[in-house]
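Printed here is model01.txt (compact mmCIF, C-alpha atoms):
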```
# COMPACT_ATOMS: atom_id res chain seq x y z
CA MET A 1 -5.17 -3.24 -65.44
CA VAL A 2 -2.20 -5.50 -64.65
CA LYS A 3 -0.82 -2.87 -62.24
CA THR A 4 -4.15 -2.79 -60.39
CA ARG A 5 -4.07 -6.57 -60.10
CA TYR A 6 -0.60 -6.46 -58.60
CA ILE A 7 -1.64 -3.78 -56.12
CA ILE A 8 -4.71 -5.74 -55.06
CA THR A 9 -2.67 -8.94 -54.67
CA ALA A 10 -0.03 -7.10 -52.63
CA LEU A 11 -2.71 -5.58 -50.41
CA PHE A 12 -4.34 -8.97 -49.97
CA VAL A 13 -1.02 -10.57 -48.96
CA LEU A 14 -0.32 -7.68 -46.57
CA ILE A 15 -3.71 -8.08 -44.91
CA ILE A 16 -3.20 -11.83 -44.59
CA GLY A 17 0.24 -11.18 -43.09
CA ILE A 18 -1.11 -8.68 -40.56
CA VAL A 19 -3.94 -11.00 -39.51
CA ALA A 20 -1.53 -13.96 -39.21
CA ALA A 21 0.97 -11.92 -37.18
CA TYR A 22 -1.81 -10.69 -34.92
CA HIS A 23 -3.10 -14.22 -34.33
CA LEU A 24 0.43 -15.51 -33.76
CA LEU A 25 1.14 -12.79 -31.23
CA GLN A 26 -2.18 -13.42 -29.54
CA GLY A 27 -1.27 -17.09 -29.45
CA GLN A 28 2.03 -16.31 -27.74
CA GLU A 29 0.33 -13.90 -25.35
CA LYS A 30 -2.16 -16.61 -24.41
CA ARG A 31 0.67 -19.03 -23.73
CA VAL A 32 2.43 -16.51 -21.49
CA ARG A 33 -0.83 -15.86 -19.60
CA ARG A 34 -1.25 -19.60 -19.16
CA GLN A 35 2.10 -19.76 -17.36
CA PHE A 36 0.89 -17.19 -14.84
CA LYS A 37 -2.35 -19.13 -14.41
CA LEU A 38 -0.36 -22.30 -13.78
CA LEU A 39 1.90 -20.53 -11.30
CA SER A 40 -1.14 -19.19 -9.49
CA GLU A 41 -2.73 -22.66 -9.26
CA LEU A 42 0.47 -24.34 -8.07
CA ALA A 43 1.35 -21.64 -5.54
CA SER A 44 -2.15 -21.51 -4.01
CA LYS A 45 -3.12 -23.72 -1.11
CA HIS A 46 -6.72 -24.50 -0.15
CA GLY A 47 -6.12 -26.36 3.11
CA ASP A 48 -3.64 -28.73 4.64
CA GLU A 49 -1.70 -30.65 2.01
CA ASP A 50 0.03 -33.97 2.38
CA ASN A 51 3.77 -34.16 1.77
CA LEU A 52 3.28 -35.70 -1.66
CA THR A 53 1.06 -32.83 -2.84
CA MET A 54 3.43 -30.24 -1.39
CA ALA A 55 6.37 -31.82 -3.16
CA ARG A 56 4.47 -32.15 -6.44
CA LYS A 57 3.42 -28.51 -6.36
CA ALA A 58 6.92 -27.30 -5.47
CA ARG A 59 8.35 -29.33 -8.33
CA GLY A 60 5.65 -27.98 -10.62
CA ILE A 61 6.56 -24.41 -9.64
CA GLY A 62 10.23 -25.13 -10.32
CA ALA A 63 9.37 -26.49 -13.76
CA LEU A 64 7.90 -23.11 -14.73
CA PHE A 65 11.31 -21.48 -14.32
CA ALA A 66 14.38 -21.57 -16.49
CA GLU A 67 17.56 -23.20 -15.20
CA ASP A 68 18.86 -19.76 -14.25
CA CYS A 69 16.37 -17.30 -12.79
CA LYS A 70 17.04 -13.96 -11.17
CA LEU A 71 14.95 -12.72 -8.26
CA GLU A 72 15.15 -9.00 -7.39
CA THR A 73 13.39 -7.67 -4.32
CA HIS A 74 14.06 -5.00 -1.68
CA ILE A 75 14.97 -7.88 0.69
CA ALA A 76 18.67 -8.35 -0.01
CA SER A 77 18.80 -11.83 1.55
CA ILE A 78 16.56 -13.39 -1.10
CA SER A 79 17.62 -11.31 -4.09
CA ALA A 80 19.87 -13.61 -6.09
CA SER A 81 20.06 -15.98 -9.03
CA TYR A 82 18.51 -19.38 -8.51
CA THR A 83 18.44 -22.69 -10.29
CA ARG A 84 15.17 -24.44 -11.00
CA GLN A 85 15.67 -26.77 -8.04
CA GLU A 86 16.45 -23.87 -5.73
CA ILE A 87 13.25 -22.15 -6.85
CA ALA A 88 11.29 -25.32 -6.04
CA GLY A 89 12.89 -25.42 -2.58
CA LEU A 90 12.20 -21.72 -2.03
CA ALA A 91 8.55 -22.19 -3.05
CA ALA A 92 8.13 -25.16 -0.73
CA ARG A 93 9.59 -23.23 2.23
CA ALA A 94 7.49 -20.15 1.43
CA ARG A 95 4.23 -22.16 1.26
CA LEU A 96 4.83 -24.22 4.39
CA PRO A 97 3.76 -21.70 7.06
CA PHE A 98 0.38 -21.15 5.38
CA SER A 99 -2.75 -23.10 6.22
CA ARG A 100 -4.40 -21.53 3.18
CA LEU A 101 -2.99 -19.31 0.49
CA SER A 102 -4.36 -17.67 -2.62
CA VAL A 103 -1.91 -16.35 -5.19
CA ARG A 104 -3.42 -14.45 -8.08
CA PHE A 105 -2.06 -12.44 -10.96
CA TYR A 106 -4.01 -9.80 -12.81
CA ASP A 107 -3.63 -6.67 -14.91
CA LEU A 108 -1.04 -8.44 -17.04
CA ARG A 109 0.68 -6.15 -19.54
CA ILE A 110 2.68 -8.33 -21.90
CA GLN A 111 5.33 -7.08 -24.28
CA PHE A 112 7.62 -8.97 -26.61
CA PRO A 113 10.78 -6.81 -26.80
CA GLU A 114 12.71 -9.51 -28.69
CA LYS A 115 11.98 -12.77 -30.41
CA ASN A 116 11.26 -15.54 -27.86
CA SER A 117 11.41 -13.04 -25.01
CA ALA A 118 8.52 -11.57 -23.03
CA GLN A 119 8.34 -8.88 -20.40
CA VAL A 120 5.24 -8.86 -18.22
CA THR A 121 4.21 -6.18 -15.74
CA VAL A 122 1.67 -7.75 -13.44
CA THR A 123 -0.13 -7.22 -10.16
CA GLY A 124 0.46 -10.10 -7.76
CA LEU A 125 -1.94 -10.64 -4.89
CA ALA A 126 -1.19 -13.07 -2.07
CA SER A 127 -3.81 -13.58 0.61
CA GLY A 128 -4.39 -16.27 3.15
CA ALA A 129 -3.79 -17.36 6.70
CA LEU A 130 -0.74 -18.62 8.54
CA ARG A 131 -0.98 -21.77 10.64
CA GLN A 132 -0.92 -19.62 13.82
CA GLY A 133 -4.02 -17.82 12.54
CA ASP A 134 -2.51 -14.51 11.36
CA LEU A 135 -4.05 -13.22 8.18
CA VAL A 136 -1.91 -12.21 5.23
CA ASP A 137 -2.92 -9.85 2.47
CA ASP A 138 -0.24 -8.40 0.25
CA THR A 139 -0.26 -6.80 -3.18
CA LEU A 140 2.83 -6.20 -5.25
CA GLU A 141 3.71 -4.96 -8.68
CA LEU A 142 6.02 -7.39 -10.42
CA VAL A 143 8.05 -7.17 -13.60
CA CYS A 144 8.64 -10.68 -14.92
CA THR A 145 10.79 -11.76 -17.83
CA LEU A 146 10.15 -14.99 -19.65
CA LYS A 147 12.03 -16.73 -22.42
CA LYS A 148 10.75 -19.31 -24.86
CA LEU A 149 12.99 -22.34 -24.36
CA ASP A 150 12.22 -25.73 -25.95
CA ASN A 151 8.89 -24.29 -27.06
CA LYS A 152 7.91 -23.45 -23.46
CA TRP A 153 7.66 -20.00 -21.90
CA LEU A 154 9.78 -20.12 -18.74
CA PHE A 155 10.39 -17.45 -16.11
CA THR A 156 13.94 -16.08 -16.20
CA GLY A 157 13.50 -13.13 -13.87
CA ILE A 158 11.10 -11.67 -11.33
CA GLN A 159 11.54 -8.15 -10.04
CA VAL A 160 9.41 -6.76 -7.21
CA VAL A 161 8.77 -3.09 -7.93
CA GLU A 162 9.45 -1.05 -4.82
CA VAL A 163 6.95 1.79 -4.96
CA LEU A 164 7.70 3.47 -1.64
CA GLU A 165 11.30 3.92 -0.60
CA LYS A 166 11.66 4.84 3.08
CA MET B 1 -56.77 5.51 -18.20
CA PRO B 2 -54.37 8.36 -19.08
CA GLU B 3 -52.39 7.66 -15.79
CA GLN B 4 -52.21 3.99 -16.71
CA GLY B 5 -50.80 4.95 -20.10
CA LYS B 6 -48.16 7.21 -18.46
CA LEU B 7 -47.16 4.48 -16.00
CA HIS B 8 -46.96 1.98 -18.80
CA ARG B 9 -44.74 4.35 -20.79
CA LEU B 10 -42.52 4.95 -17.72
CA LEU B 11 -42.06 1.28 -16.87
CA LEU B 12 -42.01 -0.10 -20.36
CA PRO B 13 -40.63 2.63 -22.62
CA SER B 14 -40.59 2.01 -26.29
CA PHE B 15 -37.11 1.53 -27.56
CA THR B 16 -37.05 3.96 -30.40
CA PRO B 17 -33.67 4.58 -32.09
CA LYS B 18 -33.46 7.92 -30.26
CA ALA B 19 -34.13 6.29 -26.90
CA VAL B 20 -31.55 3.58 -27.57
CA LEU B 21 -29.02 6.23 -28.57
CA ARG B 22 -29.73 8.21 -25.40
CA ILE B 23 -29.27 5.08 -23.28
CA LEU B 24 -26.02 4.27 -25.02
CA LEU B 25 -24.74 7.83 -24.55
CA VAL B 26 -25.58 7.77 -20.85
CA ALA B 27 -23.90 4.39 -20.45
CA LEU B 28 -20.81 5.56 -22.32
CA SER B 29 -20.60 8.79 -20.33
CA ALA B 30 -20.96 6.89 -17.08
CA TYR B 31 -18.24 4.48 -18.15
CA VAL B 32 -15.87 7.30 -19.07
CA PHE B 33 -16.64 9.42 -16.00
CA PHE B 34 -16.65 6.72 -13.33
CA GLY B 35 -14.09 4.53 -15.03
CA HIS B 36 -11.45 7.12 -15.82
CA ILE B 37 -12.18 10.50 -14.25
CA CYS B 38 -13.93 10.03 -10.93
CA ILE B 39 -13.22 6.48 -9.84
CA PRO B 40 -15.21 5.00 -6.92
CA ILE B 41 -12.88 3.71 -4.23
CA ARG B 42 -13.44 1.56 -1.16
CA ILE B 43 -10.88 2.30 1.55
CA ARG B 44 -9.18 -0.67 3.16
CA GLY B 45 -6.64 -0.37 5.92
CA ALA B 46 -6.03 1.92 8.85
CA SER B 47 -2.99 3.88 7.69
CA MET B 48 -4.96 7.10 7.11
CA GLU B 49 -7.14 6.98 10.22
CA PRO B 50 -8.82 8.93 11.63
CA THR B 51 -8.91 11.13 8.50
CA TYR B 52 -10.14 8.26 6.33
CA ARG B 53 -11.50 5.16 7.98
CA THR B 54 -11.33 1.63 6.68
CA GLY B 55 -14.49 0.60 4.88
CA GLY B 56 -15.20 4.16 3.80
CA LEU B 57 -16.32 5.05 0.30
CA ASN B 58 -14.79 7.85 -1.71
CA PHE B 59 -13.89 8.80 -5.26
CA CYS B 60 -10.49 9.31 -6.83
CA TRP B 61 -10.65 12.64 -8.67
CA ARG B 62 -8.10 12.18 -11.43
CA LEU B 63 -8.19 15.72 -12.79
CA ARG B 64 -6.93 17.32 -9.58
CA TYR B 65 -3.37 17.69 -10.84
CA ALA B 66 -4.20 18.26 -14.48
CA PHE B 67 -2.96 21.87 -14.19
CA SER B 68 -1.16 21.92 -10.86
CA GLU B 69 1.36 20.00 -8.80
CA PRO B 70 0.91 18.19 -5.47
CA ALA B 71 1.60 20.33 -2.43
CA ARG B 72 2.56 19.47 1.12
CA HIS B 73 -0.36 18.11 3.18
CA ASP B 74 -2.30 16.99 0.07
CA VAL B 75 -3.92 13.59 0.44
CA VAL B 76 -3.30 11.57 -2.70
CA PHE B 77 -4.05 8.23 -4.27
CA VAL B 78 -0.86 6.45 -5.28
CA ARG B 79 -0.88 3.69 -7.88
CA LEU B 80 0.60 0.69 -6.12
CA ALA B 81 0.12 -2.00 -8.71
CA GLY B 82 -1.78 -2.41 -11.96
CA LYS B 83 -4.82 -0.22 -12.57
CA LYS B 84 -6.90 -1.04 -9.52
CA VAL B 85 -4.67 -1.12 -6.47
CA MET B 86 -3.94 2.24 -4.86
CA LEU B 87 -2.55 3.56 -1.63
CA LEU B 88 -4.08 6.55 0.13
CA LYS B 89 -1.36 8.70 1.67
CA ARG B 90 -0.50 12.29 2.51
CA VAL B 91 2.29 14.27 0.83
CA VAL B 92 4.70 15.57 3.47
CA ALA B 93 7.72 16.58 1.39
CA LEU B 94 8.54 17.50 -2.18
CA GLU B 95 11.43 16.99 -4.55
CA GLY B 96 14.74 18.19 -3.16
CA GLU B 97 13.55 18.54 0.45
CA THR B 98 15.05 16.63 3.38
CA VAL B 99 12.68 14.55 5.49
CA GLU B 100 13.26 13.15 8.97
CA PHE B 101 11.32 12.00 11.98
CA ARG B 102 12.45 12.81 15.54
CA GLN B 103 10.45 11.35 18.41
CA GLY B 104 7.39 11.17 16.19
CA ASN B 105 7.67 14.73 14.88
CA LEU B 106 8.09 15.41 11.19
CA PHE B 107 10.94 17.70 10.15
CA VAL B 108 11.35 18.99 6.61
CA ASN B 109 14.61 20.80 5.82
CA GLY B 110 15.29 20.91 9.56
CA THR B 111 12.01 22.67 10.39
CA LYS B 112 9.33 21.00 12.47
CA ILE B 113 6.11 20.70 10.51
CA ASN B 114 2.78 21.29 12.18
CA GLU B 115 0.47 18.33 11.44
CA PRO B 116 -2.96 18.89 13.01
CA TYR B 117 -4.34 15.76 11.30
CA ILE B 118 -2.15 13.45 13.44
CA ARG B 119 -4.39 12.31 16.29
CA TYR B 120 -2.65 9.17 17.54
CA PRO B 121 0.67 9.11 19.40
CA CYS B 122 3.80 8.49 17.37
CA ASN B 123 7.38 7.82 18.45
CA TRP B 124 9.07 7.36 15.09
CA ASN B 125 12.69 8.14 14.50
CA LEU B 126 14.03 8.24 10.94
CA PRO B 127 17.37 9.76 9.93
CA PRO B 128 17.25 12.60 7.36
CA ARG B 129 16.93 11.63 3.71
CA GLN B 130 16.53 13.73 0.63
CA VAL B 131 13.60 13.42 -1.70
CA LYS B 132 14.98 12.63 -5.15
CA LYS B 133 14.12 14.38 -8.40
CA ASP B 134 10.57 13.85 -9.72
CA ARG B 135 9.52 12.25 -6.44
CA VAL B 136 7.38 13.14 -3.44
CA TYR B 137 7.44 11.80 0.10
CA VAL B 138 4.18 10.34 1.37
CA VAL B 139 3.13 9.07 4.79
CA GLY B 140 -0.15 7.95 6.33
CA ASP B 141 -1.88 9.88 9.11
CA ASN B 142 -2.01 6.90 11.47
CA ARG B 143 1.50 6.63 12.86
CA SER B 144 0.64 4.74 16.03
CA MET B 145 2.13 1.46 14.75
CA PRO B 146 5.87 0.68 14.69
CA ILE B 147 7.66 2.45 11.85
CA GLN B 148 8.49 -0.86 10.15
CA CYS B 149 4.79 -1.71 9.88
CA HIS B 150 3.77 1.48 8.10
CA ASN B 151 4.12 1.62 4.32
CA PHE B 152 5.50 5.07 3.50
CA GLY B 153 8.36 6.77 1.69
CA GLN B 154 9.30 8.59 -1.47
CA MET B 155 7.83 7.57 -4.74
CA PRO B 156 7.73 8.78 -8.36
CA ARG B 157 5.43 11.74 -8.84
CA LYS B 158 3.87 10.05 -11.88
CA ARG B 159 2.39 7.38 -9.62
CA ILE B 160 0.01 9.92 -8.11
CA VAL B 161 -3.35 9.11 -9.67
CA GLY B 162 -5.55 11.75 -8.04
CA THR B 163 -7.03 12.95 -4.78
CA PRO B 164 -10.09 11.97 -2.72
CA LEU B 165 -13.18 13.91 -3.64
CA TRP B 166 -13.87 14.71 0.04
```
What do you get writing this file as structure tokens?
Amino acid sequence: MVKTRYIITALFVLIIGIVAAYHLLQGQEKRVRRQFKLLSELASKHGDEDNLTMARKARGIGALFAEDCKLETHIASISASYTRQEIAGLAARARLPFSRLSVRFYDLRIQFPEKNSAQVTVTGLASGALRQGDLVDDTLELVCTLKKLDNKWLFTGIQVVEVLEK
Amino acid sequence: MPEQGKLHRLLLPSFTPKAVLRILLVALSAYVFFGHICIPIRIRGASMEPTYRTGGLNFCWRLRYAFSEPARHDVVFVRLAGKKVMLLKRVVALEGETVEFRQGNLFVNGTKINEPYIRYPCNWNLPPRQVKKDRVYVVGDNRSMPIQCHNFGQMPRKRIVGTPLW
């Protein structure tokens, strides 16, 4: 009778633990997704922006990144490690030629390989128009790493997956 | 009167448990078939013209390579990013083979390949390169644009999702 009670209590605690862990993980996953949503909102451009808005958005993009972030693409000239400020500058320069720009992330697959570390495989879609009128429509697969620093999930690495190698 | 009863039964069927089960089974089968086996695709882009035109509708038959391997000249859907974004390309070379372009003509292992599906002029030149292990080399049929503007190359075999149904 006592043994049964112990078993039931242990099972109950286990179930509570599993439910709590699940909710905690879901909570972390939601927070990581929110960072992508923020990045999408800050990177997008719905028309001409004044200098103040451009600067605010660039600063906001920089704030989503850790102090040391690695960018890996097939374009050797931009593949490097950047500071938060350099990321903000890069974002401002990248957004400038566009009269309108939509940056969206979807199909997020989030994994937590270590504590306070997330790896996200995501589809990034950038579409819009340059000031000269040329249309842009590009889709990429990205592998992003984020770390939880000061209770915030910050990007520490973005790798563009090169699917086709000429 | 009897016709009115039949019409009434056709337009407003009674939802018996059997009928509900049948509806659910049809819905589930449709979800499985069109969501995972025979996926409807809308073609965007001109890289496979005139074989497949932009705006065309087709289906990605995912079981094509369930018991076989891709062969030269097969048209395949390649997973570009996430679950929804695919490229439509043609396999021109397999693992271990050497690919090159000379004055717009495709050479595999030094032999010129006959490509009757190429309808537009092409002047591409690409030095020989070997297709790595577990990879295939894919190119579009529309090679009229500059070589830098066409998305092609070798890619992991596992990224092949299926083939067009027609």
Show me, as a Markdown table, the residues of chain B having an atom within 7 Å of chain A, each with the closest atom pair and its distance in Å, using all atoms listed in the file.
```
| residue | atom | partner | partner_atom | distance |
| --- | --- | --- | --- | --- |
| B:Leu80 | CA | A:Val163 | CA | 6.5 |
| B:Ala81 | CA | A:Glu141 | CA | 4.7 |
| B:Gly82 | CA | A:Thr123 | CA | 5.4 |
| B:Lys83 | CA | A:Asp107 | CA | 7.0 |
| B:Phe152 | CA | A:Leu164 | CA | 5.8 |
| B:Gly153 | CA | A:Lys166 | CA | 4.1 |
| B:Gln154 | CA | A:Glu165 | CA | 5.2 |
| B:Met155 | CA | A:Leu164 | CA | 5.1 |
```
Exercise. Can you tell me how far CA of Pro113 (chain A) sits from CA of Gly17 (chain A), in Å to one decimal?
Worked result: 19.9 Å
Problem set entry | Residues within 10 Å of region 25-36 of chain A, only C-alpha atoms, excluding chain neighbours under 2 positions, as a VMD selection string | chain A and resid 19 to 23 38 to 42 64 to 65 104 to 106 108 to 112 116 118 to 120 122 146 to 148 152 to 155
For this session: Record the distance separating CA of Ala88 (chain A) and CA of Ala66 (chain A), expressed in Å with one decimal.
Result: 11.5 Å
Problem set entry | Residues within 12 Å of Gly55 (chain B), only C-alpha atoms, excluding chain neighbours under 2 positions, as a PyMOL selection string | chain B and resi 41-46+48-49+52-53+57-58
For this session: For region 78-80 of chain A, please output as a VMD selection string all residues within 10 Å (counting all atoms listed in the file; exclusion window: fewer than 4 positions along the same chain).
Result: chain A and resid 69 to 74 90 158 to 160
Those same residues, written as a tab-separated table (two decimals), in the frame of the given file with C-alpha atoms?
```
chain	number	residue	atom	x	y	z
A	69	CYS	CA	16.37	-17.30	-12.79
A	70	LYS	CA	17.04	-13.96	-11.17
A	71	LEU	CA	14.95	-12.72	-8.26
A	72	GLU	CA	15.15	-9.00	-7.39
A	73	THR	CA	13.39	-7.67	-4.32
A	74	HIS	CA	14.06	-5.00	-1.68
A	90	LEU	CA	12.20	-21.72	-2.03
A	158	ILE	CA	11.10	-11.67	-11.33
A	159	GLN	CA	11.54	-8.15	-10.04
A	160	VAL	CA	9.41	-6.76	-7.21
```
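In this model, the gap between CA of Ile18 (chain A) and CA of Lys37 (chain A) comes to 28.2 Å.
Distances from B:Cys149, B:Val138, B:Val26, B:Leu88 to Leu106 (chain B) were compared using all atoms listed in the file, and the smallest one belongs to B:Val138.
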For this session: Write out as a list in words which residues come within 10 Å of His46 (chain A) when counting only C-alpha atoms, dropping same-chain ones fewer than 5 positions away.
Result: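 Result of the neighbour search: Phe98, Ser99, Arg100, Leu101, Ser102 and Gly128 of chain A.
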Exercise. Which residues, written as a ChimeraX atom specification, have at least one atom at most 8 Å from region 71-77 of chain B, with all atoms listed in the file counted and residues fewer than 5 positions away on the same chain left out?
Worked result: /B:60,86-94,160-164
For this session: Kindly indicate which residue among A:Ala43, A:Ala63, A:Ala10, A:Leu135 lies nearest to Arg93 (chain A), using all atoms listed in the file for the distances.
Result: A:Ala43
For this session: Just give me the residues with any atom within 10 Å of (-2.6, 11.9, 10.4), file coordinates, counting only C-alpha atoms, written as a PyMOL selection string.
Result: chain B and resi 47-52+73+89-90+115-121+139-144
Exercise. Smallest atom-to-atom distance to Ala92 (chain A): which of A:Met54, A:Cys144, A:Ile15, A:Ala129, using only C-alpha atoms?
Worked result: A:Met54
